[in-house]
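Dumped protein-v5.cif below, it's mmCIF, C-alpha atoms and all ligand atoms:
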```
data_upload
#
loop_
_atom_site.label_atom_id
_atom_site.label_comp_id
_atom_site.auth_asym_id
_atom_site.auth_seq_id
_atom_site.Cartn_x
_atom_site.Cartn_y
_atom_site.Cartn_z
CA MET B 6 136.99 101.07 112.61
CA HIS B 7 133.41 100.23 113.53
CA VAL B 8 131.18 103.08 114.51
CA TYR B 9 128.38 101.01 115.97
CA ASN B 10 127.87 100.33 119.64
CA ASN B 11 125.15 99.05 121.85
CA LYS B 12 124.97 102.16 124.01
CA ASN B 13 122.72 104.85 122.69
CA LEU B 14 125.42 107.47 122.06
CA ASN B 15 124.34 109.13 118.84
CA LYS B 16 121.14 107.96 117.26
CA VAL B 17 121.39 109.18 113.68
CA ARG B 18 118.85 108.93 110.84
CA VAL B 19 120.99 107.36 108.13
CA TRP B 20 118.46 105.87 105.66
CA ASP B 21 115.58 108.23 104.93
CA LEU B 22 112.12 106.73 104.37
CA PRO B 23 112.26 107.03 100.54
CA THR B 24 115.53 105.05 100.44
CA ARG B 25 114.05 102.35 102.68
CA VAL B 26 110.85 102.11 100.65
CA PHE B 27 112.99 102.00 97.48
CA HIS B 28 115.01 99.11 98.90
CA TRP B 29 112.17 96.88 100.06
CA ALA B 30 110.04 97.63 96.98
CA LEU B 31 113.07 96.68 94.85
CA LEU B 32 113.41 93.39 96.73
CA LEU B 33 109.72 92.59 96.14
CA CYS B 34 109.88 93.48 92.45
CA ILE B 35 113.10 91.51 91.81
CA THR B 36 111.56 88.49 93.53
CA GLY B 37 108.46 88.92 91.36
CA LEU B 38 110.60 89.26 88.23
CA ALA B 39 112.59 86.11 89.04
CA ILE B 40 109.43 84.07 89.65
CA THR B 41 107.46 85.34 86.63
CA GLY B 42 110.52 85.07 84.38
CA SER B 43 110.98 81.39 85.33
CA VAL B 44 107.27 80.52 85.06
CA GLY B 45 106.92 82.21 81.64
CA GLY B 46 103.68 81.95 79.63
CA SER B 47 100.93 84.27 80.85
CA ALA B 48 103.01 85.17 83.94
CA MET B 49 105.12 87.25 81.51
CA ILE B 50 102.45 89.96 81.70
CA TRP B 51 103.48 90.43 85.34
CA HIS B 52 107.16 90.12 84.38
CA PHE B 53 106.66 93.20 82.23
CA ARG B 54 104.75 95.05 84.97
CA PHE B 55 107.43 94.33 87.57
CA GLY B 56 110.01 95.44 84.99
CA TYR B 57 108.31 98.84 84.64
CA PHE B 58 108.12 99.14 88.43
CA VAL B 59 111.86 98.46 88.66
CA LEU B 60 112.52 101.00 85.90
CA THR B 61 110.55 103.53 87.98
CA LEU B 62 112.49 102.62 91.13
CA LEU B 63 115.88 102.87 89.41
CA LEU B 64 115.09 106.25 87.86
CA PHE B 65 113.93 107.39 91.29
CA ARG B 66 117.13 106.13 92.97
CA ILE B 67 119.32 107.94 90.44
CA ILE B 68 117.58 111.24 91.18
CA TRP B 69 117.51 110.49 94.91
CA GLY B 70 121.25 109.85 94.68
CA LEU B 71 121.61 113.52 93.75
CA ALA B 72 118.79 115.09 95.77
CA GLY B 73 118.06 112.68 98.62
CA GLY B 74 119.11 112.52 102.25
CA ARG B 75 122.78 113.09 103.08
CA TRP B 76 123.73 109.40 103.37
CA SER B 77 121.69 108.31 100.35
CA ARG B 78 123.44 110.74 98.04
CA PHE B 79 126.03 109.21 95.69
CA GLY B 80 128.50 111.84 96.90
CA ALA B 81 128.41 110.22 100.35
CA PHE B 82 129.63 106.89 99.01
CA ILE B 83 131.86 107.59 96.04
CA TYR B 84 135.30 106.81 97.44
CA ALA B 85 138.77 107.30 96.03
CA PRO B 86 140.66 104.04 95.32
CA GLN B 87 143.06 104.87 98.19
CA SER B 88 140.13 104.93 100.64
CA LEU B 89 139.04 101.51 99.43
CA ILE B 90 142.57 100.11 99.82
CA LYS B 91 142.93 101.59 103.31
CA TYR B 92 139.51 100.24 104.27
CA LEU B 93 140.49 96.77 103.05
CA LYS B 94 143.70 96.98 105.10
CA GLY B 95 141.59 97.73 108.18
CA GLN B 96 142.62 101.40 108.26
CA GLY B 97 139.22 102.84 107.36
CA LYS B 98 137.80 106.00 108.89
CA LEU B 99 135.01 105.96 111.46
CA GLU B 100 132.73 107.75 108.99
CA HIS B 101 132.99 104.79 106.59
CA GLY B 102 130.60 102.86 108.80
CA VAL B 103 127.84 105.47 108.74
CA GLY B 104 126.28 104.98 105.28
CA HIS B 105 127.73 102.58 102.72
CA SER B 106 131.35 101.57 103.44
CA PRO B 107 133.86 101.65 100.52
CA VAL B 108 133.25 97.93 99.88
CA GLY B 109 129.49 98.26 100.42
CA ALA B 110 129.43 101.18 97.98
CA LEU B 111 131.08 99.01 95.30
CA SER B 112 128.36 96.42 95.71
CA VAL B 113 125.61 99.09 95.62
CA PHE B 114 126.94 100.59 92.37
CA ALA B 115 127.39 97.10 90.88
CA LEU B 116 123.81 96.18 91.85
CA LEU B 117 122.37 99.41 90.42
CA GLY B 118 124.45 99.08 87.22
CA VAL B 119 123.52 95.46 86.62
CA LEU B 120 119.86 96.21 87.40
CA LEU B 121 119.89 99.07 84.88
CA ALA B 122 121.46 96.80 82.26
CA GLN B 123 118.86 94.10 83.02
CA VAL B 124 115.94 96.52 82.67
CA GLY B 125 117.47 98.21 79.60
CA THR B 126 118.02 94.91 77.78
CA GLY B 127 114.54 93.74 78.87
CA LEU B 128 113.05 96.72 77.04
CA LEU B 129 114.91 95.56 73.93
CA SER B 130 114.23 91.82 74.24
CA ASP B 131 111.98 89.66 72.09
CA ASP B 132 111.08 86.01 72.76
CA GLU B 133 110.00 85.64 69.12
CA ILE B 134 106.72 84.02 70.24
CA SER B 135 104.41 86.41 72.00
CA PHE B 136 106.35 88.98 74.02
CA ALA B 137 108.54 91.83 72.87
CA GLY B 138 109.94 94.76 74.83
CA PRO B 139 108.55 98.21 73.94
CA LEU B 140 111.78 99.47 72.38
CA THR B 141 112.49 96.54 70.04
CA ARG B 142 110.99 98.32 67.04
CA PHE B 143 113.53 101.16 67.32
CA VAL B 144 116.64 98.98 66.92
CA SER B 145 118.00 96.40 64.47
CA ASN B 146 117.33 92.65 64.75
CA ALA B 147 120.97 92.12 65.63
CA THR B 148 120.67 94.50 68.60
CA VAL B 149 117.44 92.79 69.72
CA SER B 150 119.09 89.41 69.63
CA LEU B 151 122.17 90.69 71.52
CA ALA B 152 119.95 92.31 74.16
CA THR B 153 117.76 89.20 74.47
CA ASN B 154 120.82 87.01 74.86
CA TYR B 155 122.28 89.26 77.56
CA HIS B 156 118.93 89.57 79.36
CA THR B 157 118.13 85.84 79.44
CA ALA B 158 121.55 84.18 79.53
CA ILE B 159 123.99 86.58 81.21
CA GLY B 160 122.38 89.47 83.08
CA LYS B 161 120.04 87.44 85.24
CA TRP B 162 122.91 85.27 86.52
CA LEU B 163 125.09 88.33 87.14
CA LEU B 164 122.23 89.85 89.12
CA LEU B 165 121.59 86.65 91.04
CA GLY B 166 125.32 86.44 91.88
CA LEU B 167 125.36 90.02 93.15
CA VAL B 168 122.20 89.51 95.22
CA VAL B 169 123.68 86.34 96.78
CA LEU B 170 126.90 88.26 97.56
CA HIS B 171 124.83 91.15 98.96
CA ILE B 172 122.86 88.89 101.30
CA ALA B 173 126.03 86.98 102.26
CA ALA B 174 127.69 90.29 103.24
CA ILE B 175 124.66 91.27 105.34
CA LEU B 176 124.79 87.85 107.08
CA PHE B 177 128.55 88.19 107.61
CA TYR B 178 128.01 91.54 109.37
CA LEU B 179 125.20 89.97 111.40
CA TYR B 180 127.63 87.21 112.47
CA ARG B 181 130.05 89.98 113.50
CA LYS B 182 127.20 91.44 115.63
CA HIS B 183 126.43 94.37 113.28
CA ASN B 184 122.81 94.26 112.28
CA LEU B 185 122.62 96.41 109.12
CA VAL B 186 119.09 95.25 108.35
CA LEU B 187 117.52 97.11 111.29
CA ALA B 188 118.76 100.46 109.94
CA MET B 189 117.29 99.61 106.52
CA LEU B 190 113.98 99.03 108.35
CA HIS B 191 113.74 101.93 110.81
CA GLY B 192 116.37 104.22 109.34
CA ASP B 193 118.55 104.86 112.40
CA LYS B 194 122.01 103.77 113.51
CA ASN B 195 123.58 104.17 116.95
CA LEU B 196 127.01 105.62 116.26
CA VAL B 197 130.05 106.58 118.29
CA VAL B 198 130.77 109.44 115.88
CA ALA B 199 128.65 112.57 115.71
CA VAL B 200 127.63 113.03 112.07
CA PRO B 201 124.83 115.01 110.46
CA PRO B 202 121.67 112.97 109.83
CA SER B 203 119.91 112.42 106.53
CA ARG B 204 117.02 114.80 106.09
CA ASP B 205 113.82 112.81 106.46
CA ASP B 206 110.94 115.15 107.24
CA ALA B 207 107.47 115.59 105.73
CA LEU B 208 108.73 118.00 103.07
CA SER B 209 111.57 115.78 101.85
CA ARG B 210 109.18 112.81 101.77
CA MET B 211 106.68 114.83 99.72
CA ALA B 212 109.49 115.76 97.32
CA ALA B 213 110.36 112.05 97.04
CA LEU B 214 106.73 111.25 96.19
CA LEU B 215 106.73 113.88 93.46
CA ILE B 216 109.99 112.52 92.03
CA LEU B 217 108.60 108.98 92.16
CA TRP B 218 105.47 110.13 90.34
CA ALA B 219 107.58 111.78 87.60
CA CYS B 220 109.68 108.59 87.26
CA ALA B 221 106.52 106.46 87.01
CA ALA B 222 105.24 108.81 84.28
CA LEU B 223 108.52 108.37 82.38
CA ALA B 224 108.35 104.57 82.75
CA TYR B 225 104.73 104.69 81.52
CA TRP B 226 105.82 106.68 78.50
CA VAL B 227 108.48 104.04 77.71
CA PHE B 228 105.79 101.35 78.05
CA SER B 229 103.44 103.28 75.75
CA LEU B 230 106.05 103.24 72.97
CA GLY B 231 105.57 99.47 72.69
CA ALA B 232 101.78 99.58 73.07
CA GLN B 233 101.29 96.07 74.52
CA ALA B 234 98.53 95.82 77.19
CA PHE B 235 99.64 96.72 80.72
C1 LIG B 301 116.66 91.27 95.23
C2 LIG B 301 117.28 91.43 96.36
C3 LIG B 301 118.00 92.69 96.77
C4 LIG B 301 118.44 93.74 96.02
C5 LIG B 301 118.36 93.92 94.51
C6 LIG B 301 119.05 94.69 96.94
C7 LIG B 301 119.62 95.88 96.57
C8 LIG B 301 120.17 96.81 97.43
C9 LIG B 301 120.64 98.11 97.07
C10 LIG B 301 120.61 98.69 95.65
C11 LIG B 301 121.10 98.70 98.19
C12 LIG B 301 121.62 100.12 98.30
C13 LIG B 301 120.53 100.93 98.96
C14 LIG B 301 120.62 102.39 98.56
O1 LIG B 301 121.58 103.08 98.89
O2 LIG B 301 119.69 102.82 97.87
C15 LIG B 301 120.95 97.77 99.28
C16 LIG B 301 121.32 98.01 100.58
C17 LIG B 301 121.03 97.17 101.62
N1 LIG B 301 120.35 95.97 101.55
FE1 LIG B 301 119.65 95.10 99.90
N2 LIG B 301 118.94 94.20 98.20
C18 LIG B 301 118.31 92.98 98.14
C19 LIG B 301 117.99 92.15 99.18
C20 LIG B 301 118.28 92.40 100.49
C21 LIG B 301 117.92 91.56 101.60
C22 LIG B 301 117.16 90.23 101.47
C23 LIG B 301 118.37 92.17 102.72
C24 LIG B 301 118.31 91.74 104.15
C25 LIG B 301 117.46 90.90 104.66
C26 LIG B 301 119.01 93.40 102.33
C27 LIG B 301 119.58 94.30 103.18
C28 LIG B 301 120.21 95.46 102.81
C29 LIG B 301 120.86 96.35 103.76
C30 LIG B 301 120.97 96.15 105.24
C31 LIG B 301 121.39 97.40 103.00
C32 LIG B 301 122.24 98.55 103.52
C33 LIG B 301 123.65 98.09 103.46
C34 LIG B 301 124.59 99.07 104.10
O3 LIG B 301 124.40 99.38 105.28
O4 LIG B 301 125.52 99.52 103.38
N3 LIG B 301 118.94 93.51 100.96
N4 LIG B 301 120.34 96.63 98.79
#
```

Using structure tokens, write down the structure from this file.
Amino acid sequence: MHVYNNKNLNKVRVWDLPTRVFHWALLLCITGLAITGSVGGSAMIWHFRFGYFVLTLLLFRIIWGLAGGRWSRFGAFIYAPQSLIKYLKGQGKLEHGVGHSPVGALSVFALLGVLLAQVGTGLLSDDEISFAGPLTRFVSNATVSLATNYHTAIGKWLLLGLVVLHIAAILFYLYRKHNLVLAMLHGDKNLVVAVPPSRDDALSRMAALLILWACAALAYWVFSLGAQAF
């Protein structure tokens, strides 16, 4: 079932540079969010900034999931339930080990979904002292209090749980002698199957930069609706 080997049979670009930058930037921002959220007080200014960065990254990843390199596209890791069941029974296909496996894909979608919910509720949250998300004035008090409750009491623990699971899975694969982290760093996997690579040339990277810029502009517009200092 595993498509990795130590011999250099087929070196394939699986994670294009934009996906890798997305991943490690996300890790930095989530760490920043966790720290600033726990410290509170004036650190909340950075909590907001990291939140807008994550909003930018998530918007980017959604578009990159449609337009990015072959193995970063959602189409490459949306599996039918039968594929998941077969994979769990140890009857997966060789191709399942190229990008995200059926189980890995579940965790990726869960992470992205919970991150979106965390950012979305953050935009609607209000600590009733000094900080309010930029969209609070567009919804009722009841919605603000629901969003704040989810953001501070539920979502962050869900996210933490998923991140712990995510890292545990990476360590489990490492224990089984499959280092997934290297491919998230340099982009390539050595595979026993011949599969098309993800496009990762100067032009596709330029396109990614443009998309990222547009997503940052959108996140800035969301910020400007609340008009608190950046
Ligand atoms: C806040 C912490 C983290 C978050 C939110 C996170 C989130 C994600 C997401 C969303 C993906 C999917 C990538 C994509 O297709 O765009 C992913 C994949 C991956 N992450 Fe993380 N990650 C975190 C921490 C880490 C850490 C600490 C490591 C390792 C040291 C790691 C290693 C990986 C690897 C190797 C993959 C690819 C998995 C595969 O081959 O299917 N992540 N992560």

Surroundings of ligand LIG 301 (chain B) up to 9 Å, based on all atoms listed in the file, as a PyMOL selection string
chain B and resi 20+23-25+27-29+31-36+63+66+69-70+76-79+82+102-106+108-110+112-117+120+164-165+167-169+171-172+174-176+184-190

With C-alpha atoms retained, write the just-selected residues as an mmCIF file, in the coordinates of the input.
```cif
data_model
loop_
_atom_site.group_PDB
_atom_site.id
_atom_site.type_symbol
_atom_site.label_atom_id
_atom_site.label_comp_id
_atom_site.auth_asym_id
_atom_site.auth_seq_id
_atom_site.Cartn_x
_atom_site.Cartn_y
_atom_site.Cartn_z
ATOM 1 C CA TRP B 20 118.460 105.870 105.660
ATOM 2 C CA PRO B 23 112.260 107.030 100.540
ATOM 3 C CA THR B 24 115.530 105.050 100.440
ATOM 4 C CA ARG B 25 114.050 102.350 102.680
ATOM 5 C CA PHE B 27 112.990 102.000 97.480
ATOM 6 C CA HIS B 28 115.010 99.110 98.900
ATOM 7 C CA TRP B 29 112.170 96.880 100.060
ATOM 8 C CA LEU B 31 113.070 96.680 94.850
ATOM 9 C CA LEU B 32 113.410 93.390 96.730
ATOM 10 C CA LEU B 33 109.720 92.590 96.140
ATOM 11 C CA CYS B 34 109.880 93.480 92.450
ATOM 12 C CA ILE B 35 113.100 91.510 91.810
ATOM 13 C CA THR B 36 111.560 88.490 93.530
ATOM 14 C CA LEU B 63 115.880 102.870 89.410
ATOM 15 C CA ARG B 66 117.130 106.130 92.970
ATOM 16 C CA TRP B 69 117.510 110.490 94.910
ATOM 17 C CA GLY B 70 121.250 109.850 94.680
ATOM 18 C CA TRP B 76 123.730 109.400 103.370
ATOM 19 C CA SER B 77 121.690 108.310 100.350
ATOM 20 C CA ARG B 78 123.440 110.740 98.040
ATOM 21 C CA PHE B 79 126.030 109.210 95.690
ATOM 22 C CA PHE B 82 129.630 106.890 99.010
ATOM 23 C CA GLY B 102 130.600 102.860 108.800
ATOM 24 C CA VAL B 103 127.840 105.470 108.740
ATOM 25 C CA GLY B 104 126.280 104.980 105.280
ATOM 26 C CA HIS B 105 127.730 102.580 102.720
ATOM 27 C CA SER B 106 131.350 101.570 103.440
ATOM 28 C CA VAL B 108 133.250 97.930 99.880
ATOM 29 C CA GLY B 109 129.490 98.260 100.420
ATOM 30 C CA ALA B 110 129.430 101.180 97.980
ATOM 31 C CA SER B 112 128.360 96.420 95.710
ATOM 32 C CA VAL B 113 125.610 99.090 95.620
ATOM 33 C CA PHE B 114 126.940 100.590 92.370
ATOM 34 C CA ALA B 115 127.390 97.100 90.880
ATOM 35 C CA LEU B 116 123.810 96.180 91.850
ATOM 36 C CA LEU B 117 122.370 99.410 90.420
ATOM 37 C CA LEU B 120 119.860 96.210 87.400
ATOM 38 C CA LEU B 164 122.230 89.850 89.120
ATOM 39 C CA LEU B 165 121.590 86.650 91.040
ATOM 40 C CA LEU B 167 125.360 90.020 93.150
ATOM 41 C CA VAL B 168 122.200 89.510 95.220
ATOM 42 C CA VAL B 169 123.680 86.340 96.780
ATOM 43 C CA HIS B 171 124.830 91.150 98.960
ATOM 44 C CA ILE B 172 122.860 88.890 101.300
ATOM 45 C CA ALA B 174 127.690 90.290 103.240
ATOM 46 C CA ILE B 175 124.660 91.270 105.340
ATOM 47 C CA LEU B 176 124.790 87.850 107.080
ATOM 48 C CA ASN B 184 122.810 94.260 112.280
ATOM 49 C CA LEU B 185 122.620 96.410 109.120
ATOM 50 C CA VAL B 186 119.090 95.250 108.350
ATOM 51 C CA LEU B 187 117.520 97.110 111.290
ATOM 52 C CA ALA B 188 118.760 100.460 109.940
ATOM 53 C CA MET B 189 117.290 99.610 106.520
ATOM 54 C CA LEU B 190 113.980 99.030 108.350
#
```

Let me have the centre and edge lengths of the axis-aligned box enclosing all listed atoms of stretch 170-176 of chain B with 5 Å padding on every side, in Å to one decimal, as lines of an AutoDock Vina configuration file.
```
center_x = 125.3
center_y = 89.1
center_z = 102.3
size_x = 14.8
size_y = 14.3
size_z = 19.5
```

From the list B:Leu151, B:Ile90, B:Leu217, B:Ala173, the nearest residue to B:Pro107 using only C-alpha atoms is B:Ile90

Excluding same-chain residues fewer than 4 positions from B:Glu133, what lies within 12 Å of it counting only C-alpha atoms, as a PyMOL selection string?
chain B and resi 137-138+141+146+149-150+153

Find the residues with any atom within 12 Å of (110.7, 114.3, 96.7); use only C-alpha atoms and the coordinates as given in the file, and write the answer as JSON, numbers by chain.
{"B": [21, 22, 23, 24, 65, 66, 68, 69, 70, 71, 72, 73, 74, 204, 205, 206, 207, 208, 209, 210, 211, 212, 213, 214, 215, 216, 217, 218, 219, 220]}

For B:Thr126: contacts at 12 Å, only C-alpha atoms, fewer than 4 positions along chain excluded, given as a list in words
Gly56, Leu60, Val119, Leu120, Leu121, Ala122, Ser130, Asp131, Ala137, Gly138, Pro139, Leu140, Thr141, Val144, Thr148, Val149, Ser150, Leu151, Ala152, Thr153, Asn154, Tyr155, His156, Thr157, Ala158, Ile159, Gly160 and Lys161 of chain B

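Note that atom CA of B:Ile67 and atom CA of B:Gly80 are 11.9 Å apart.
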
Taking 6 positions as the minimum chain separation for residues in the same chain, which residues sit within 12 Å of B:Arg54 when counting only C-alpha atoms? Answer as JSON, numbers by chain.
{"B": [34, 35, 37, 38, 41, 42, 48, 60, 61, 124, 127, 128, 138, 221, 224, 225, 228, 233, 234, 235]}

Please, what distance in Å, to one decimal, runs between atom CA of B:Arg181 and atom CA of B:Lys94?
17.5 Å

Any idea what's packed within 8 Å of B:Asn15, counting all atoms listed in the file, ignoring anything in its chain fewer than 6 positions away? Could you give it as a PyMOL selection string?
chain B and resi 194-199

Would you save the residues from that selection as a CSV table (one decimal), in the frame of the given file, using C-alpha atoms?
```csv
chain,number,residue,atom,x,y,z
B,194,LYS,CA,122.0,103.8,113.5
B,195,ASN,CA,123.6,104.2,117.0
B,196,LEU,CA,127.0,105.6,116.3
B,197,VAL,CA,130.0,106.6,118.3
B,198,VAL,CA,130.8,109.4,115.9
B,199,ALA,CA,128.6,112.6,115.7
```

Nearest candidate to B:Pro201 (options B:Leu179, B:Ala81, B:Ala30, B:Leu230; using all atoms listed in the file)
B:Ala81
